[in-house]
file work.txt (compact mmCIF, C-alpha atoms)
# COMPACT_ATOMS: atom_id res chain seq x y z
CA MET A 17 17.51 -4.78 -15.15
CA ASN A 18 15.31 -7.58 -13.90
CA LEU A 19 13.63 -7.45 -10.52
CA PHE A 20 11.15 -9.99 -9.25
CA ILE A 21 8.84 -9.30 -6.37
CA ASP A 22 7.14 -12.18 -4.64
CA ASN A 23 4.26 -11.09 -2.43
CA LYS A 24 3.73 -14.50 -0.94
CA SER A 25 7.27 -15.44 0.07
CA GLY A 26 7.04 -13.68 3.41
CA ALA A 27 10.36 -11.91 2.82
CA PRO A 28 9.85 -8.18 3.35
CA ILE A 29 9.34 -6.37 0.04
CA TYR A 30 12.02 -3.80 0.79
CA ASP A 31 14.45 -6.62 1.50
CA GLN A 32 13.65 -8.26 -1.85
CA ILE A 33 14.43 -5.06 -3.75
CA TYR A 34 17.44 -4.29 -1.62
CA SER A 35 19.04 -7.70 -2.02
CA GLN A 36 18.28 -8.04 -5.72
CA ILE A 37 19.75 -4.66 -6.61
CA LYS A 38 22.73 -5.41 -4.40
CA ALA A 39 23.20 -8.76 -6.13
CA LEU A 40 23.05 -7.03 -9.54
CA ILE A 41 25.73 -4.59 -8.43
CA ILE A 42 27.99 -7.25 -6.91
CA SER A 43 27.69 -9.54 -9.93
CA GLY A 44 28.57 -6.66 -12.24
CA ALA A 45 25.24 -6.68 -14.11
CA LEU A 46 24.99 -3.06 -13.02
CA SER A 47 28.24 -1.22 -13.39
CA GLU A 48 29.77 1.86 -11.88
CA ASN A 49 27.82 5.09 -12.37
CA ASP A 50 24.93 3.34 -14.10
CA PRO A 51 21.74 5.29 -13.43
CA LEU A 52 19.12 3.50 -11.35
CA PRO A 53 15.40 4.03 -11.95
CA SER A 54 13.86 6.74 -9.80
CA ILE A 55 12.20 5.55 -6.61
CA ARG A 56 8.80 6.63 -7.80
CA SER A 57 8.95 5.04 -11.23
CA LEU A 58 10.39 1.80 -9.86
CA ALA A 59 7.64 1.61 -7.25
CA LYS A 60 4.91 2.35 -9.76
CA ASP A 61 6.27 -0.06 -12.38
CA LEU A 62 6.56 -2.89 -9.87
CA ARG A 63 3.28 -1.85 -8.25
CA ILE A 64 4.79 -1.67 -4.82
CA SER A 65 4.76 1.01 -2.19
CA VAL A 66 6.82 4.16 -2.71
CA VAL A 67 7.76 4.27 0.97
CA THR A 68 9.09 0.72 0.80
CA THR A 69 11.14 1.41 -2.30
CA LYS A 70 12.63 4.45 -0.66
CA ARG A 71 13.59 2.33 2.33
CA ALA A 72 15.44 -0.13 0.06
CA TYR A 73 17.31 2.70 -1.71
CA ASP A 74 18.19 4.34 1.60
CA GLU A 75 19.61 1.09 2.87
CA LEU A 76 21.70 0.61 -0.30
CA GLU A 77 22.96 4.14 -0.07
CA ARG A 78 23.88 3.77 3.57
CA GLU A 79 25.91 0.69 2.72
CA GLY A 80 27.69 2.52 -0.08
CA PHE A 81 26.24 0.65 -3.07
CA LEU A 82 24.66 3.72 -4.63
CA TYR A 83 24.87 7.47 -4.42
CA THR A 84 22.34 10.21 -5.03
CA VAL A 85 22.84 13.33 -7.08
CA PRO A 86 20.16 15.87 -6.09
CA ALA A 87 17.65 16.48 -8.90
CA LYS A 88 19.40 13.86 -11.08
CA GLY A 89 18.66 10.59 -9.34
CA CYS A 90 20.47 7.56 -8.01
CA PHE A 91 23.57 5.93 -9.47
CA VAL A 92 25.63 2.83 -8.82
CA ALA A 93 28.58 3.72 -6.60
CA PRO A 94 32.13 2.87 -7.69
CA LYS A 95 33.00 -0.64 -6.64
CA ASN A 96 34.59 -0.91 -3.29
CA THR A 97 36.57 -4.16 -3.06
CA GLU A 98 36.72 -3.94 0.70
CA LEU A 99 32.94 -3.68 0.81
CA LEU A 100 32.55 -6.63 -1.55
CA ARG A 101 34.82 -8.79 0.54
CA GLU A 102 32.91 -7.81 3.64
CA GLU A 103 29.70 -8.72 1.87
CA HIS A 104 31.01 -12.14 0.88
CA LEU A 105 32.29 -12.80 4.39
CA LYS A 106 28.85 -12.00 5.71
CA GLN A 107 27.31 -14.47 3.29
CA ILE A 108 29.77 -17.19 4.31
CA GLU A 109 28.94 -16.52 7.92
CA ASN A 110 25.23 -16.90 7.21
CA HIS A 111 25.79 -20.18 5.41
CA LEU A 112 27.89 -21.43 8.29
CA LEU A 113 25.12 -20.59 10.72
CA GLU A 114 22.75 -22.67 8.62
CA ILE A 115 25.24 -25.51 8.52
CA ARG A 116 25.55 -25.41 12.26
CA GLN A 117 21.79 -25.68 12.68
CA LEU A 118 21.50 -28.57 10.23
CA ALA A 119 24.45 -30.31 11.83
CA ALA A 120 22.92 -29.99 15.27
CA ALA A 121 19.74 -31.56 13.92
CA CYS A 122 21.81 -34.54 12.62
CA GLY A 123 23.84 -34.77 15.82
CA MET A 124 27.11 -33.88 14.05
CA SER A 125 29.96 -32.28 15.96
CA LYS A 126 32.12 -29.42 14.73
CA GLN A 127 34.85 -31.97 14.11
CA ASP A 128 32.53 -33.98 11.85
CA ILE A 129 31.76 -30.88 9.80
CA ILE A 130 35.44 -30.04 9.33
CA GLN A 131 36.06 -33.63 8.32
CA MET A 132 33.28 -33.40 5.78
CA LEU A 133 34.83 -30.24 4.34
CA ASP A 134 38.23 -31.96 4.05
CA LEU A 135 36.61 -34.89 2.29
CA LEU A 136 35.01 -32.56 -0.25
CA ASP A 137 38.38 -31.03 -1.07
CA THR A 138 40.10 -34.30 -1.87
CA MET B 2 3.65 18.49 1.93
CA ASN B 3 0.78 16.48 3.35
CA ALA B 4 -2.19 15.85 1.09
CA ILE B 5 -4.45 15.18 4.04
CA GLU B 6 -4.08 16.27 7.63
CA ILE B 7 -6.82 15.39 10.05
CA SER B 8 -6.22 16.34 13.63
CA ASN B 9 -8.49 15.18 16.39
CA ILE B 10 -11.79 15.36 14.60
CA ALA B 11 -14.79 14.03 16.48
CA LYS B 12 -18.41 13.81 15.46
CA LYS B 13 -21.32 12.57 17.52
CA TYR B 14 -24.52 11.19 16.08
CA LYS B 15 -27.34 9.45 17.86
CA GLY B 16 -26.03 5.96 18.45
CA PHE B 17 -22.67 6.51 16.79
CA SER B 18 -19.65 8.60 17.50
CA LEU B 19 -16.55 9.04 15.40
CA GLY B 20 -13.11 9.73 16.77
CA PRO B 21 -11.33 11.65 18.10
CA LEU B 22 -9.31 10.73 15.07
CA SER B 23 -6.05 11.97 13.59
CA LEU B 24 -4.64 10.94 10.25
CA THR B 25 -1.96 12.17 7.87
CA LEU B 26 -1.41 11.27 4.24
CA PRO B 27 1.87 12.48 2.70
CA ALA B 28 1.71 13.67 -0.91
CA GLY B 29 2.55 11.07 -3.52
CA CYS B 30 1.01 8.21 -1.56
CA ILE B 31 -2.14 6.13 -1.49
CA LEU B 32 -3.97 5.60 1.78
CA GLY B 33 -6.48 2.78 2.15
CA LEU B 34 -9.24 3.19 4.70
CA ILE B 35 -10.55 -0.12 5.96
CA GLY B 36 -13.43 -0.76 8.29
CA GLU B 37 -16.58 -2.80 8.73
CA ASN B 38 -19.98 -1.48 7.69
CA GLY B 39 -20.77 1.45 9.95
CA ALA B 40 -17.19 1.86 11.15
CA GLY B 41 -17.14 5.52 10.19
CA LYS B 42 -15.40 5.45 6.80
CA THR B 43 -18.03 7.45 5.00
CA THR B 44 -18.45 9.84 7.93
CA THR B 45 -14.71 10.51 7.81
CA ILE B 46 -14.76 11.03 4.06
CA LYS B 47 -17.76 13.31 4.26
CA ALA B 48 -15.94 15.39 6.86
CA LEU B 49 -13.02 15.72 4.45
CA LEU B 50 -15.35 16.93 1.74
CA GLY B 51 -17.10 19.41 3.99
CA MET B 52 -20.34 17.44 3.65
CA ASN B 53 -20.68 17.22 7.40
CA HIS B 54 -19.18 19.36 10.11
CA PRO B 55 -17.19 17.66 12.86
CA ASP B 56 -17.96 18.81 16.41
CA SER B 57 -14.28 19.46 16.99
CA GLY B 58 -10.88 19.09 15.37
CA GLU B 59 -9.22 20.43 12.27
CA ILE B 60 -8.89 19.26 8.67
CA ARG B 61 -6.44 20.47 6.05
CA LEU B 62 -6.34 19.24 2.47
CA LEU B 63 -3.30 19.95 0.27
CA GLY B 64 -2.04 22.27 2.98
CA GLN B 65 -5.15 24.44 3.08
CA PRO B 66 -8.13 24.58 5.41
CA LEU B 67 -11.38 23.32 3.87
CA SER B 68 -12.95 25.76 1.43
CA ALA B 69 -15.27 25.72 -1.53
CA ASP B 70 -12.32 26.38 -3.78
CA LEU B 71 -10.65 23.08 -2.86
CA ARG B 72 -13.34 21.35 -4.91
CA ASN B 73 -11.31 22.19 -7.98
CA GLU B 74 -8.31 20.31 -6.70
CA THR B 75 -10.02 17.25 -5.34
CA GLY B 76 -11.53 14.51 -7.45
CA VAL B 77 -14.30 12.66 -5.69
CA VAL B 78 -16.10 9.42 -6.39
CA LEU B 79 -18.68 8.31 -3.86
CA ASP B 80 -20.23 4.87 -3.89
CA GLU B 81 -23.33 6.24 -5.60
CA VAL B 82 -22.37 8.40 -8.57
CA GLY B 83 -25.05 11.04 -8.52
CA LEU B 84 -25.65 12.62 -11.91
CA PRO B 85 -28.89 13.69 -13.61
CA GLU B 86 -30.56 10.47 -14.75
CA ASN B 87 -31.74 11.66 -18.12
CA LEU B 88 -28.58 13.25 -19.41
CA ARG B 89 -26.09 11.77 -21.85
CA ILE B 90 -22.32 12.12 -21.63
CA PRO B 91 -21.98 15.25 -23.85
CA GLN B 92 -24.54 17.10 -21.70
CA ILE B 93 -22.89 15.94 -18.50
CA GLU B 94 -19.59 17.21 -19.81
CA LYS B 95 -21.13 20.62 -20.44
CA ILE B 96 -22.20 20.83 -16.79
CA MET B 97 -18.74 19.82 -15.61
CA LYS B 98 -17.10 22.41 -17.83
CA TYR B 99 -18.93 25.09 -15.88
CA SER B 100 -18.41 23.40 -12.53
CA PHE B 101 -14.64 23.07 -12.48
CA ARG B 102 -12.09 25.79 -13.10
CA ASN B 103 -9.55 23.53 -14.81
CA TRP B 104 -11.84 21.23 -16.77
CA LYS B 105 -9.93 19.35 -19.48
CA SER B 106 -12.24 18.28 -22.28
CA ASP B 107 -9.52 16.37 -24.09
CA VAL B 108 -8.58 14.37 -20.99
CA PHE B 109 -12.23 13.59 -20.37
CA ALA B 110 -12.73 12.45 -23.98
CA GLU B 111 -9.71 10.18 -23.61
CA TYR B 112 -11.09 8.50 -20.49
CA ILE B 113 -14.52 8.09 -22.08
CA LYS B 114 -12.83 6.29 -24.94
CA LYS B 115 -10.58 4.26 -22.69
CA PHE B 116 -13.50 3.17 -20.53
CA ASN B 117 -15.72 2.42 -23.57
CA LEU B 118 -18.54 4.57 -22.28
CA PRO B 119 -21.46 5.14 -24.70
CA GLU B 120 -22.01 8.79 -25.68
CA ASN B 121 -25.60 8.39 -26.76
CA LYS B 122 -27.14 6.58 -23.82
CA ARG B 123 -28.85 8.18 -20.87
CA PHE B 124 -27.06 8.01 -17.54
CA ARG B 125 -29.86 6.02 -15.91
CA THR B 126 -29.32 3.15 -18.35
CA PHE B 127 -25.66 2.82 -17.29
CA SER B 128 -24.60 -0.25 -15.36
CA LYS B 129 -23.02 0.15 -11.92
CA GLY B 130 -19.55 -0.28 -13.42
CA MET B 131 -20.20 2.29 -16.14
CA LYS B 132 -21.48 4.80 -13.59
CA MET B 133 -18.36 4.36 -11.48
CA LYS B 134 -16.13 4.74 -14.54
CA LEU B 135 -17.92 7.93 -15.53
CA GLY B 136 -17.53 9.24 -11.99
CA LEU B 137 -13.86 8.42 -12.12
CA ALA B 138 -13.44 10.02 -15.56
CA ILE B 139 -14.91 13.24 -14.17
CA ALA B 140 -12.74 13.08 -11.05
CA LEU B 141 -9.62 12.67 -13.20
CA SER B 142 -10.43 15.33 -15.79
CA HIS B 143 -10.15 18.54 -13.82
CA ASP B 144 -6.53 18.53 -12.78
CA ALA B 145 -7.23 17.24 -9.28
CA LYS B 146 -4.26 16.65 -7.03
CA LEU B 147 -6.12 14.60 -4.47
CA LEU B 148 -8.52 11.79 -5.25
CA ILE B 149 -11.03 10.75 -2.61
CA LEU B 150 -12.83 7.53 -3.40
CA ASP B 151 -15.48 6.00 -1.18
CA GLU B 152 -16.10 2.32 -1.91
CA PRO B 153 -15.39 2.72 -5.62
CA THR B 154 -14.79 -0.98 -6.13
CA ALA B 155 -18.00 -2.23 -4.53
CA GLY B 156 -20.11 -4.15 -7.00
CA LEU B 157 -17.50 -4.11 -9.75
CA ASP B 158 -16.08 -7.12 -11.50
CA PRO B 159 -12.42 -8.09 -10.94
CA LEU B 160 -11.27 -6.78 -14.33
CA VAL B 161 -12.68 -3.30 -13.80
CA ARG B 162 -11.34 -3.25 -10.25
CA GLU B 163 -7.89 -4.12 -11.52
CA GLU B 164 -8.18 -1.36 -14.12
CA LEU B 165 -9.09 1.12 -11.39
CA LEU B 166 -6.09 0.10 -9.31
CA ASP B 167 -3.84 0.61 -12.33
CA ILE B 168 -5.23 4.10 -12.81
CA LEU B 169 -4.58 4.98 -9.16
CA ASN B 170 -1.08 3.60 -9.44
CA GLU B 171 -0.43 5.75 -12.52
CA PHE B 172 -2.06 8.79 -10.94
CA THR B 173 0.39 8.76 -8.05
CA ARG B 174 3.39 8.60 -10.38
CA ASP B 175 3.28 12.38 -9.93
CA GLU B 176 4.59 13.05 -6.46
CA GLY B 177 2.21 15.95 -5.97
CA HIS B 178 -0.76 13.59 -6.28
CA ALA B 179 -2.36 11.54 -3.54
CA VAL B 180 -5.29 9.17 -3.13
CA LEU B 181 -7.56 8.27 -0.24
CA ILE B 182 -9.60 5.18 -0.98
CA SER B 183 -12.00 3.34 1.27
CA SER B 184 -13.20 -0.15 0.64
CA HIS B 185 -14.08 -3.33 2.35
CA ILE B 186 -12.61 -5.34 -0.47
CA VAL B 187 -9.38 -5.35 1.45
CA SER B 188 -7.38 -7.32 -1.11
CA ASP B 189 -7.81 -4.44 -3.56
CA LEU B 190 -6.33 -2.01 -1.09
CA GLU B 191 -3.51 -4.37 -0.27
CA LYS B 192 -2.44 -4.22 -3.91
CA VAL B 193 -2.03 -0.46 -4.26
CA CYS B 194 -1.82 1.29 -0.93
CA ASP B 195 1.28 2.75 0.67
CA TYR B 196 -0.53 3.32 3.97
CA ILE B 197 -3.40 1.47 5.60
CA ALA B 198 -5.75 2.86 8.22
CA PHE B 199 -8.15 0.65 10.21
CA LEU B 200 -11.37 2.15 11.46
CA HIS B 201 -13.39 0.12 13.91
CA LYS B 202 -16.56 1.30 15.65
CA GLY B 203 -15.70 4.93 14.99
CA GLN B 204 -12.16 4.64 16.34
CA LEU B 205 -8.91 4.63 14.41
CA MET B 206 -7.24 1.36 15.41
CA LEU B 207 -4.07 1.99 13.50
CA CYS B 208 -2.55 3.85 10.57
CA GLU B 209 0.71 2.39 9.30
CA GLU B 210 2.83 1.80 6.26
CA LYS B 211 1.34 -1.27 4.63
CA ASP B 212 4.60 -3.16 4.19
CA ARG B 213 5.64 -2.49 7.78
CA LEU B 214 2.39 -4.02 8.97
CA LEU B 215 2.99 -7.10 6.86
CA GLU B 216 6.51 -7.35 8.24
CA GLN B 217 5.54 -6.82 11.84
CA TYR B 218 2.71 -9.31 12.06
CA GLY B 219 2.48 -12.97 11.23
CA PHE B 220 0.09 -15.82 11.49
CA LEU B 221 0.83 -18.67 13.85
CA GLN B 222 -0.82 -22.08 13.96
CA THR B 223 0.02 -24.06 17.04
CA THR B 224 -1.52 -25.81 20.04
CA ALA B 225 -3.56 -23.91 22.60
CA GLU B 226 -0.95 -24.73 25.28
CA ASN B 227 1.86 -23.24 23.22
CA LEU B 228 -0.21 -20.14 22.67
CA ASP B 229 -0.82 -19.74 26.38
CA ALA B 230 2.91 -19.93 27.00
CA LEU B 231 3.55 -16.92 24.78
CA GLU B 232 3.79 -13.40 26.09
CA PRO B 233 0.26 -11.95 26.10
CA ALA B 234 1.52 -8.81 24.35
CA ALA B 235 2.64 -10.91 21.38
CA ILE B 236 -0.87 -12.05 20.58
CA ARG B 237 -3.07 -9.55 18.76
CA GLY B 238 -6.00 -11.85 18.09
CA LYS B 239 -6.70 -15.57 18.21
CA ARG B 240 -9.09 -18.34 17.40
CA VAL B 241 -8.95 -21.50 19.47
CA THR B 242 -10.74 -24.70 18.52
CA GLN B 243 -10.45 -28.18 19.91
CA TYR B 244 -8.08 -29.05 17.06
CA GLY B 245 -5.59 -26.29 17.72
CA ALA B 246 -5.20 -22.57 17.76
CA GLU B 247 -4.51 -19.81 15.26
CA ALA B 248 -3.24 -16.46 16.30
CA LEU B 249 -2.19 -13.16 14.86
CA VAL B 250 1.16 -12.45 16.45
CA ASP B 251 3.79 -9.76 16.63
CA ARG B 252 6.80 -11.47 15.06
CA LYS B 253 9.31 -9.73 17.28
CA LEU B 254 7.77 -11.04 20.49
CA VAL B 255 7.55 -14.68 19.42
CA PRO B 256 10.56 -17.05 19.63
CA GLN B 257 12.03 -17.74 16.20
CA THR B 258 11.51 -21.47 16.56
CA PHE B 259 7.82 -21.04 15.78
CA ASP B 260 6.83 -21.35 12.15
CA ILE B 261 5.09 -18.09 11.36
CA ARG B 262 3.50 -17.57 7.98
CA PRO B 263 2.89 -14.18 6.35
CA VAL B 264 -0.41 -12.52 7.08
CA THR B 265 -2.72 -10.66 4.71
CA ILE B 266 -4.15 -7.24 5.51
CA GLU B 267 -7.57 -8.82 5.53
CA GLU B 268 -6.66 -11.33 8.26
CA LEU B 269 -4.94 -8.57 10.16
CA PHE B 270 -8.07 -6.48 10.17
CA VAL B 271 -10.47 -9.30 10.99
CA TYR B 272 -8.42 -10.56 13.93
CA MET B 273 -7.68 -7.12 15.32
CA ALA B 274 -11.28 -5.99 15.02
CA LYS B 275 -12.49 -9.09 16.82
CA GLU B 276 -10.06 -8.49 19.64
CA GLY B 277 -10.78 -4.76 19.91
call {"tool": "encode", "arguments": {"input": "work.txt", "output": "structure tokens"}}
result
Amino acid sequence: MNLFIDNKSGAPIYDQIYSQIKALIISGALSENDPLPSIRSLAKDLRISVVTTKRAYDELEREGFLYTVPAKGCFVAPKNTELLREEHLKQIENHLLEIRQLAAACGMSKQDIIQMLDLLDT
Amino acid sequence: MNAIEISNIAKKYKGFSLGPLSLTLPAGCILGLIGENGAGKTTTIKALLGMNHPDSGEIRLLGQPLSADLRNETGVVLDEVGLPENLRIPQIEKIMKYSFRNWKSDVFAEYIKKFNLPENKRFRTFSKGMKMKLGLAIALSHDAKLLILDEPTAGLDPLVREELLDILNEFTRDEGHAVLISSHIVSDLEKVCDYIAFLHKGQLMLCEEKDRLLEQYGFLQTTAENLDALEPAAIRGKRVTQYGAEALVDRKLVPQTFDIRPVTIEELFVYMAKEG
């Protein structure tokens, strides 16, 4: 499993871990019931804070991407198609928000954007 | 369990008073103590080691009140490693064997080898870096659960400092271990610490998770007028020149349209200390 931490990007460290592990799970690079590294060893290997790593794992667990077996560790949760769809919808929404901002900066109306989308399809 | 629990300690000297100050370090974590010269870092550390007695307040290390016996479970490196000048490493080891209940000769030998320390030279001929490494080797060779390091990186070259940080990182792989390290080389602390505490003029300005601090605060460069328009609570420190203004800001209280760049712990401390 590859994880890259960028201290200078300004993105919170916990968010970097959280989104990269999530991406690995969604893409299938990590599959169901795969063991994840322990919080402590991941933190120490990446030289990041233990508290921060725990926060990322907690967030993933809350969203149903991993589960914890006491005294055994953390594992990738069985894939939940509903959850995946939700996740993708959220991403689309975020992209759309960005589009709206860019469009506003160029003085484009909603109609113009839809037209652009139609053009791309043909 | 908490490795360190300081509650409301205060100590008055002529011309300087520390606290009242409360601080907690959970086991398994590294706490970095930052402060200017004379901020009270060493006074705090000495109180933890029972080397001075606070006028009030309570200290518990590894869940126990301070006692002579705790010495066995704490590894200490102060900025001056004080060992008999004329002794060589084998003789120093002999002293340590009788000083600590759980002395591990094999662990010590390993560190001596790892740090490339000469066995046949007298301690007084050691360089500053070698002295610190020997101090650290001793601190790590008696099964200590808590390491307390006062300015261990001062006067060391970047390679040795990096090596030290690696050792601390490895040490806390065990969740029963914890480290308190003070330094004014803030970038070193930024690399390894889980928690950061700022001491300024004897007062604890803040003690927070390092990453939360970095998330909460940002650095804003803008015009002086723009800065004035912001909520005063958002600004934690600023520097205004005729060419513009720089400010340390709380990200949550600043409109998102401003371009805020990440802040380093060092900037955070400098700006906050100036303001305080």
call {"tool": "interface_residues", "arguments": {"input": "work.txt", "of": "chain B", "to": "chain A", "cutoff": "8 Å", "atoms": "only C-alpha atoms", "output": "ChimeraX atom specification"}}
result
/B:30,170-171,174,176,192-195,210-212,215-216,262-263
call {"tool": "atom_distance", "arguments": {"input": "work.txt", "atom1": "atom CA of Leu169 of chain B", "atom2": "atom CA of Gly203 of chain B"}}
result
26.6 Å
call {"tool": "residues_around", "arguments": {"input": "work.txt", "residues": "Phe81 of chain A", "least_positions_apart": "3", "cutoff": "12 Å", "atoms": "only C-alpha atoms", "output": "PyMOL selection string"}}
result
chain A and resi 34-35+37-42+44+46-50+52+72-78+84+90-97+99-100+103
call {"tool": "write_last_selection", "arguments": {"input": "work.txt", "atoms": "C-alpha atoms", "output": "mmCIF file, in the frame of the given file"}}
result
data_model
loop_
_atom_site.group_PDB
_atom_site.id
_atom_site.type_symbol
_atom_site.label_atom_id
_atom_site.label_comp_id
_atom_site.auth_asym_id
_atom_site.auth_seq_id
_atom_site.Cartn_x
_atom_site.Cartn_y
_atom_site.Cartn_z
ATOM 1 C CA TYR A 34 17.440 -4.290 -1.620
ATOM 2 C CA SER A 35 19.040 -7.700 -2.020
ATOM 3 C CA ILE A 37 19.750 -4.660 -6.610
ATOM 4 C CA LYS A 38 22.730 -5.410 -4.400
ATOM 5 C CA ALA A 39 23.200 -8.760 -6.130
ATOM 6 C CA LEU A 40 23.050 -7.030 -9.540
ATOM 7 C CA ILE A 41 25.730 -4.590 -8.430
ATOM 8 C CA ILE A 42 27.990 -7.250 -6.910
ATOM 9 C CA GLY A 44 28.570 -6.660 -12.240
ATOM 10 C CA LEU A 46 24.990 -3.060 -13.020
ATOM 11 C CA SER A 47 28.240 -1.220 -13.390
ATOM 12 C CA GLU A 48 29.770 1.860 -11.880
ATOM 13 C CA ASN A 49 27.820 5.090 -12.370
ATOM 14 C CA ASP A 50 24.930 3.340 -14.100
ATOM 15 C CA LEU A 52 19.120 3.500 -11.350
ATOM 16 C CA ALA A 72 15.440 -0.130 0.060
ATOM 17 C CA TYR A 73 17.310 2.700 -1.710
ATOM 18 C CA ASP A 74 18.190 4.340 1.600
ATOM 19 C CA GLU A 75 19.610 1.090 2.870
ATOM 20 C CA LEU A 76 21.700 0.610 -0.300
ATOM 21 C CA GLU A 77 22.960 4.140 -0.070
ATOM 22 C CA ARG A 78 23.880 3.770 3.570
ATOM 23 C CA THR A 84 22.340 10.210 -5.030
ATOM 24 C CA CYS A 90 20.470 7.560 -8.010
ATOM 25 C CA PHE A 91 23.570 5.930 -9.470
ATOM 26 C CA VAL A 92 25.630 2.830 -8.820
ATOM 27 C CA ALA A 93 28.580 3.720 -6.600
ATOM 28 C CA PRO A 94 32.130 2.870 -7.690
ATOM 29 C CA LYS A 95 33.000 -0.640 -6.640
ATOM 30 C CA ASN A 96 34.590 -0.910 -3.290
ATOM 31 C CA THR A 97 36.570 -4.160 -3.060
ATOM 32 C CA LEU A 99 32.940 -3.680 0.810
ATOM 33 C CA LEU A 100 32.550 -6.630 -1.550
ATOM 34 C CA GLU A 103 29.700 -8.720 1.870
#
call {"tool": "closest_atom_pairs", "arguments": {"input": "work.txt", "of": "segment 145-167 of chain B", "to": "segment 75-96 of chain B", "cutoff": "9 Å", "atoms": "all atoms listed in the file", "output": "Markdown table"}}
result
| residue | atom | partner | partner_atom | distance |
| --- | --- | --- | --- | --- |
| B:Ala145 | CA | B:Thr75 | CA | 4.8 |
| B:Lys146 | CA | B:Thr75 | CA | 6.0 |
| B:Leu147 | CA | B:Thr75 | CA | 4.8 |
| B:Leu148 | CA | B:Gly76 | CA | 4.6 |
| B:Ile149 | CA | B:Val77 | CA | 4.9 |
| B:Leu150 | CA | B:Val78 | CA | 4.8 |
| B:Asp151 | CA | B:Leu79 | CA | 4.8 |
| B:Glu152 | CA | B:Asp80 | CA | 5.2 |
| B:Pro153 | CA | B:Asp80 | CA | 5.6 |
| B:Thr154 | CA | B:Asp80 | CA | 8.3 |
| B:Ala155 | CA | B:Asp80 | CA | 7.5 |
call {"tool": "atom_distance", "arguments": {"input": "work.txt", "atom1": "atom CA of Asp56 of chain B", "atom2": "atom CA of Ala40 of chain B"}}
result
17.8 Å
call {"tool": "atom_distance", "arguments": {"input": "work.txt", "atom1": "atom CA of Asp260 of chain B", "atom2": "atom CA of Met273 of chain B"}}
result
20.6 Å
call {"tool": "residues_around", "arguments": {"input": "work.txt", "residues": "Leu135 of chain B", "least_positions_apart": "5", "cutoff": "9 Å", "atoms": "only C-alpha atoms", "output": "list in words"}}
result
Val82, Ile90, Tyr112, Ile113, Phe116, Leu118, Gly130 and Ala140 of chain B
call {"tool": "axis_aligned_box", "arguments": {"input": "work.txt", "around": "segment 182-197 of chain B", "padding_each_side": "6 Å", "output": "JSON"}}
result
{"center_x": -6.4, "center_y": -1.1, "center_z": 0.7, "size_x": 27.4, "size_y": 24.5, "size_z": 21.9}
call {"tool": "build_atoms", "arguments": {"input": "work.txt", "residues": "segment 9-18 of chain B", "atoms": "N, CA, C and O atoms", "output": "CSV table (one decimal), in the coordinates of the input"}}
result
chain,number,residue,atom,x,y,z
B,9,ASN,N,-7.5,15.3,15.3
B,9,ASN,CA,-8.5,15.2,16.4
B,9,ASN,C,-9.9,15.5,16.0
B,9,ASN,O,-10.6,16.2,16.8
B,10,ILE,N,-10.4,15.1,14.9
B,10,ILE,CA,-11.8,15.4,14.6
B,10,ILE,C,-12.7,14.4,15.3
B,10,ILE,O,-12.3,13.2,15.5
B,11,ALA,N,-13.8,14.9,15.8
B,11,ALA,CA,-14.8,14.0,16.5
B,11,ALA,C,-16.2,14.5,16.0
B,11,ALA,O,-16.4,15.6,15.7
B,12,LYS,N,-17.1,13.5,15.9
B,12,LYS,CA,-18.4,13.8,15.5
B,12,LYS,C,-19.4,12.9,16.2
B,12,LYS,O,-19.1,11.6,16.2
B,13,LYS,N,-20.4,13.4,16.8
B,13,LYS,CA,-21.3,12.6,17.5
B,13,LYS,C,-22.7,12.5,16.8
B,13,LYS,O,-23.2,13.6,16.4
B,14,TYR,N,-23.2,11.3,16.6
B,14,TYR,CA,-24.5,11.2,16.1
B,14,TYR,C,-25.3,10.4,17.1
B,14,TYR,O,-24.7,9.8,18.0
B,15,LYS,N,-26.6,10.3,16.9
B,15,LYS,CA,-27.3,9.4,17.9
B,15,LYS,C,-26.9,8.0,17.6
B,15,LYS,O,-27.0,7.5,16.5
B,16,GLY,N,-26.4,7.4,18.6
B,16,GLY,CA,-26.0,6.0,18.4
B,16,GLY,C,-24.7,5.7,17.8
B,16,GLY,O,-24.3,4.5,17.6
B,17,PHE,N,-24.0,6.7,17.4
B,17,PHE,CA,-22.7,6.5,16.8
B,17,PHE,C,-21.8,7.7,17.0
B,17,PHE,O,-22.2,8.9,16.9
B,18,SER,N,-20.6,7.5,17.4
B,18,SER,CA,-19.6,8.6,17.5
B,18,SER,C,-18.3,8.3,16.8
B,18,SER,O,-17.8,7.1,16.9
